[in-house]
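Visitor: Provided herewith is a single structure, encoded as C-alpha cells, for subsequent inquiry.
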Amino acid sequence: MKIFKTPLDSCIVLSPTLFSDDRGSFYESYKKGVFEEALGYEVNFVQDNESFSSKGVLRGLHFQKGENAQAKLVRVIQGAVLDVAVDLREESSTYGQHFSIELSSDNKKQLFIPRGFAHGFVVLSDTAIFSYKCDNYYHKESESGIIYNDPILNIDWKLPNGHLQLSKKDLELPHFKSLAL
C-alpha cells in the first residue's frame with residue numbers, strides 16, 4: 001500500500017497494491033499497522049457504513065461537532081465519486097481549505113478524513129456504492145454541515161448544478177462563514 005499526503009494537514013490518500021492474474025485480483029483494503037504508521041497516531045474504527053447512490057447524488061458536506069466528531073476512511077466499492085474534505089480545525093494551517101479526489105472501483109484509492117473535517121461526495125458514474133469506516137458513532141444532536149455551493153469554499157463538483165441531486169436537509173445547510181464550531 002502506498003500512502004500520499006494531501007495539501008490538507010493529516011488528510012491522506014491510500015493507494016493499494018493490486019495483485020492480478022487470470023483468476024481476478026486481490027488487494028488489502030486496510031491494514032491497521034501500515035495505516036497508523038503513516039498517520040503517526042492510533043485510530044480505532046468502530047463502525048462501517050455503506051451507501052448506494054445514482055449519478056449526480058451529492059451527499060454533504062457533513063460533520064459531527066465536539067466529542068462526537070468522526071474520522072473517516074472512505075472508498076468506493078462500485079462506480080466513481082468525487083470525494084471532498086474541508087478542514088474545519090481553526091488552529092490548522094489549512095483551515096477553510098478543501099481537497100477533492102476521484103475515488104473509484106477502478107483506482108481503489110481511499111481517503112482518510114481526520115476529525116475536525118467536513119466531508120461530502122458526488123456520484124460521477126451511473127451508480128456508486130460508497131463505503132466508509134468511522135472512529136466514532138453517529139450522534140444526531142452533534143450533526144452539522146456546510147452548504148455544498150458555499151461561495152467561500154468554491155468547490156468544483158465536476159457536474160453541472162442542474163444535474164446535482166441533494167436531500168432537502170442538505171439544501172438547508174448553513175454557509176461556512178456562519179459555522180459555530
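Chain labels run A, B, ... following the order of the C-alpha cells; each chain numbers its residues from 1, and ligands are numbered from 1 in the order shown.
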Within 12 Å of Ser178 (chain A), counting only C-alpha atoms, which residues qualify if same-chain residues fewer than 6 places away don't, as a list of chain:residue names?

Guide: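 Near Ser178 (chain A), the qualifying residues are A:Ser144, A:Gly145, A:Ile146, A:Ile147, A:Asp150, A:Ile152.
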
Visitor: Write out as JSON lines a residue-level contact list of region 11-73 of chain A versus region 123-140 of chain A with cut-off 10 Å: for each qualifying residue the closest pair of atoms and the distance in Å to one decimal, counting only C-alpha atoms, rows sorted by chain and residue number upward.

Guide:
```
{"residue": "A:Val43", "atom": "CA", "partner": "A:Asp135", "partner_atom": "CA", "distance": 6.7}
{"residue": "A:Asn44", "atom": "CA", "partner": "A:Asp135", "partner_atom": "CA", "distance": 5.5}
{"residue": "A:Phe45", "atom": "CA", "partner": "A:Asp135", "partner_atom": "CA", "distance": 4.0}
{"residue": "A:Val46", "atom": "CA", "partner": "A:Asp135", "partner_atom": "CA", "distance": 5.2}
{"residue": "A:Gln47", "atom": "CA", "partner": "A:Cys134", "partner_atom": "CA", "distance": 5.3}
{"residue": "A:Asp48", "atom": "CA", "partner": "A:Lys133", "partner_atom": "CA", "distance": 4.4}
{"residue": "A:Asn49", "atom": "CA", "partner": "A:Tyr132", "partner_atom": "CA", "distance": 5.3}
{"residue": "A:Glu50", "atom": "CA", "partner": "A:Ser131", "partner_atom": "CA", "distance": 4.3}
{"residue": "A:Ser51", "atom": "CA", "partner": "A:Phe130", "partner_atom": "CA", "distance": 5.2}
{"residue": "A:Phe52", "atom": "CA", "partner": "A:Ile129", "partner_atom": "CA", "distance": 4.6}
{"residue": "A:Ser53", "atom": "CA", "partner": "A:Ala128", "partner_atom": "CA", "distance": 5.5}
{"residue": "A:Ser54", "atom": "CA", "partner": "A:Thr127", "partner_atom": "CA", "distance": 4.2}
{"residue": "A:Lys55", "atom": "CA", "partner": "A:Asp126", "partner_atom": "CA", "distance": 4.7}
{"residue": "A:Gly56", "atom": "CA", "partner": "A:Val123", "partner_atom": "CA", "distance": 5.2}
{"residue": "A:Val57", "atom": "CA", "partner": "A:Val123", "partner_atom": "CA", "distance": 5.6}
{"residue": "A:Leu58", "atom": "CA", "partner": "A:Val123", "partner_atom": "CA", "distance": 6.7}
{"residue": "A:Arg59", "atom": "CA", "partner": "A:Val123", "partner_atom": "CA", "distance": 8.9}
{"residue": "A:Phe63", "atom": "CA", "partner": "A:Tyr138", "partner_atom": "CA", "distance": 9.9}
{"residue": "A:Gln64", "atom": "CA", "partner": "A:His139", "partner_atom": "CA", "distance": 7.5}
{"residue": "A:Lys65", "atom": "CA", "partner": "A:His139", "partner_atom": "CA", "distance": 9.3}
{"residue": "A:Glu67", "atom": "CA", "partner": "A:Asn136", "partner_atom": "CA", "distance": 9.0}
{"residue": "A:Asn68", "atom": "CA", "partner": "A:Asn136", "partner_atom": "CA", "distance": 6.5}
{"residue": "A:Ala69", "atom": "CA", "partner": "A:Asn136", "partner_atom": "CA", "distance": 6.9}
{"residue": "A:Gln70", "atom": "CA", "partner": "A:Asn136", "partner_atom": "CA", "distance": 5.2}
{"residue": "A:Ala71", "atom": "CA", "partner": "A:Asp135", "partner_atom": "CA", "distance": 5.5}
{"residue": "A:Lys72", "atom": "CA", "partner": "A:Cys134", "partner_atom": "CA", "distance": 4.7}
{"residue": "A:Leu73", "atom": "CA", "partner": "A:Lys133", "partner_atom": "CA", "distance": 5.1}
```

Visitor: Where in region 58-155 of chain A does DSSP assign strand (DSSP E or B), given as a ChimeraX atom specification?

Guide: /A:58-64,72-78,80-87,98-104,110-113,117-123,127-134,143-145

Visitor: Just write the chosen residues, N, CA and C atoms, as a compact mmCIF listing (two decimals), in the first residue's frame.

Guide:
```txt
# COMPACT_ATOMS: atom_id res chain seq x y z
N LEU A 58 -25.46 14.12 -4.50
CA LEU A 58 -24.43 14.78 -3.70
C LEU A 58 -24.82 14.64 -2.23
N ARG A 59 -23.95 14.02 -1.48
CA ARG A 59 -24.18 13.85 -0.04
C ARG A 59 -23.13 14.68 0.68
N GLY A 60 -23.58 15.71 1.39
CA GLY A 60 -22.63 16.54 2.12
C GLY A 60 -22.98 18.00 2.02
N LEU A 61 -22.16 18.73 2.60
CA LEU A 61 -20.93 18.47 3.36
C LEU A 61 -21.29 18.26 4.82
N HIS A 62 -20.93 17.12 5.40
CA HIS A 62 -21.36 16.74 6.74
C HIS A 62 -20.19 16.64 7.71
N PHE A 63 -20.49 16.84 8.98
CA PHE A 63 -19.54 16.58 10.07
C PHE A 63 -20.30 16.51 11.38
N GLN A 64 -19.64 15.97 12.39
CA GLN A 64 -20.18 15.96 13.75
C GLN A 64 -19.27 16.82 14.61
N LYS A 72 -12.91 9.48 9.25
CA LYS A 72 -13.47 8.51 8.31
C LYS A 72 -12.38 8.04 7.34
N LEU A 73 -12.46 6.78 6.99
CA LEU A 73 -11.66 6.22 5.92
C LEU A 73 -12.65 5.78 4.85
N VAL A 74 -12.64 6.46 3.69
CA VAL A 74 -13.69 6.28 2.68
C VAL A 74 -13.13 5.64 1.42
N ARG A 75 -13.99 4.87 0.75
CA ARG A 75 -13.63 4.24 -0.51
C ARG A 75 -14.88 3.92 -1.31
N VAL A 76 -14.68 3.59 -2.58
CA VAL A 76 -15.78 3.24 -3.48
C VAL A 76 -15.66 1.77 -3.83
N ILE A 77 -16.74 1.04 -3.61
CA ILE A 77 -16.79 -0.39 -3.93
C ILE A 77 -17.17 -0.60 -5.40
N GLN A 78 -18.10 0.23 -5.88
CA GLN A 78 -18.56 0.13 -7.27
C GLN A 78 -18.84 1.53 -7.78
N ALA A 80 -17.86 5.46 -9.33
CA ALA A 80 -16.89 6.53 -9.13
C ALA A 80 -17.57 7.73 -8.49
N VAL A 81 -16.84 8.39 -7.59
CA VAL A 81 -17.33 9.61 -6.95
C VAL A 81 -16.21 10.64 -6.92
N LEU A 82 -16.61 11.89 -6.80
CA LEU A 82 -15.68 12.95 -6.44
C LEU A 82 -15.86 13.14 -4.94
N ASP A 83 -14.80 12.91 -4.19
CA ASP A 83 -14.85 12.98 -2.74
C ASP A 83 -14.18 14.28 -2.29
N VAL A 84 -14.78 14.95 -1.31
CA VAL A 84 -14.30 16.26 -0.87
C VAL A 84 -14.17 16.30 0.65
N ALA A 85 -13.03 16.81 1.12
CA ALA A 85 -12.79 17.03 2.55
C ALA A 85 -12.50 18.52 2.75
N VAL A 86 -13.07 19.10 3.81
CA VAL A 86 -12.87 20.52 4.13
C VAL A 86 -12.34 20.62 5.55
N ASP A 87 -11.20 21.28 5.73
CA ASP A 87 -10.58 21.43 7.05
C ASP A 87 -11.32 22.50 7.85
N HIS A 98 -10.08 23.05 1.06
CA HIS A 98 -10.64 21.74 0.74
C HIS A 98 -9.73 20.98 -0.22
N PHE A 99 -9.95 19.68 -0.24
CA PHE A 99 -9.23 18.77 -1.13
C PHE A 99 -10.26 17.86 -1.76
N SER A 100 -10.11 17.62 -3.06
CA SER A 100 -11.02 16.69 -3.73
C SER A 100 -10.21 15.67 -4.52
N ILE A 101 -10.79 14.48 -4.63
CA ILE A 101 -10.14 13.39 -5.35
C ILE A 101 -11.21 12.47 -5.91
N GLU A 102 -10.95 11.90 -7.08
CA GLU A 102 -11.86 10.89 -7.60
C GLU A 102 -11.50 9.55 -6.98
N LEU A 103 -12.47 8.95 -6.35
CA LEU A 103 -12.34 7.60 -5.81
C LEU A 103 -13.21 6.69 -6.66
N SER A 104 -12.68 5.53 -7.03
CA SER A 104 -13.46 4.65 -7.89
C SER A 104 -13.13 3.18 -7.62
N GLN A 110 -8.33 5.29 -1.44
CA GLN A 110 -9.12 5.62 -0.27
C GLN A 110 -8.64 6.97 0.25
N LEU A 111 -9.52 7.66 0.96
CA LEU A 111 -9.17 8.94 1.56
C LEU A 111 -9.43 8.86 3.05
N PHE A 112 -8.43 9.24 3.84
CA PHE A 112 -8.61 9.35 5.28
C PHE A 112 -8.92 10.80 5.60
N ILE A 113 -10.04 11.01 6.29
CA ILE A 113 -10.50 12.34 6.66
C ILE A 113 -10.48 12.42 8.19
N PHE A 117 -13.02 17.72 10.20
CA PHE A 117 -13.22 17.99 8.78
C PHE A 117 -14.68 17.80 8.42
N ALA A 118 -15.16 18.56 7.43
CA ALA A 118 -16.43 18.27 6.79
C ALA A 118 -16.15 17.36 5.61
N HIS A 119 -17.14 16.56 5.24
CA HIS A 119 -16.94 15.59 4.16
C HIS A 119 -18.19 15.50 3.29
N GLY A 120 -17.97 15.32 2.00
CA GLY A 120 -19.07 15.10 1.07
C GLY A 120 -18.58 14.42 -0.19
N PHE A 121 -19.51 13.92 -0.96
CA PHE A 121 -19.15 13.32 -2.25
C PHE A 121 -20.31 13.45 -3.22
N VAL A 122 -19.97 13.42 -4.51
CA VAL A 122 -20.97 13.40 -5.57
C VAL A 122 -20.67 12.20 -6.47
N VAL A 123 -21.72 11.51 -6.90
CA VAL A 123 -21.56 10.33 -7.74
C VAL A 123 -21.35 10.76 -9.20
N THR A 127 -24.13 4.69 -11.13
CA THR A 127 -24.43 4.39 -9.73
C THR A 127 -23.10 4.21 -9.01
N ALA A 128 -23.16 4.24 -7.67
CA ALA A 128 -21.95 4.00 -6.88
C ALA A 128 -22.32 3.40 -5.54
N ILE A 129 -21.45 2.52 -5.08
CA ILE A 129 -21.54 2.01 -3.72
C ILE A 129 -20.35 2.60 -2.99
N PHE A 130 -20.64 3.38 -1.96
CA PHE A 130 -19.65 4.14 -1.19
C PHE A 130 -19.56 3.52 0.20
N SER A 131 -18.35 3.25 0.66
CA SER A 131 -18.14 2.59 1.94
C SER A 131 -17.20 3.42 2.80
N TYR A 132 -17.47 3.47 4.11
CA TYR A 132 -16.56 4.20 4.98
C TYR A 132 -16.55 3.67 6.40
N LYS A 133 -15.36 3.74 6.98
CA LYS A 133 -15.14 3.39 8.37
C LYS A 133 -15.20 4.68 9.19
N CYS A 134 -15.76 4.61 10.40
CA CYS A 134 -15.83 5.76 11.30
C CYS A 134 -15.18 5.41 12.63
N GLU A 143 -24.69 16.47 14.79
CA GLU A 143 -24.52 16.57 13.34
C GLU A 143 -24.64 18.02 12.88
N SER A 144 -23.85 18.33 11.85
CA SER A 144 -23.88 19.65 11.26
C SER A 144 -23.39 19.54 9.82
N GLY A 145 -23.28 20.66 9.16
CA GLY A 145 -22.81 20.63 7.79
C GLY A 145 -22.64 22.02 7.22
```

Visitor: Chain A: which residues are helix (DSSP H, G or I) by DSSP, as a list in words?

Guide: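 Of chain A, only Lys32, Gly33, Val34, Phe35, Glu36, Glu37, Ala38, Leu39, Gly66, Glu67, Asn68, Lys140, Glu141, Ser142, Asn161, Gly162, His163, Lys168, Lys169, Asp170, Leu171, Phe176, Lys177 and Ser178 of chain A fall in helix (DSSP H, G or I).
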
Visitor: In terms of the shortest atom-to-atom distance over only C-alpha atoms, which of A:Ser142, A:Leu39, A:Gly96, A:Ser25 is closest to Lys177 (chain A)?

Guide: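 The closest residue to Lys177 (chain A) is A:Gly96.
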
Visitor: To one decimal in Å, tell me the separation between CA of Glu42 (chain A) and CA of Tyr30 (chain A).

Guide: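 Answer for the CA of Glu42 (chain A) to CA of Tyr30 (chain A) separation: 13.7 Å.
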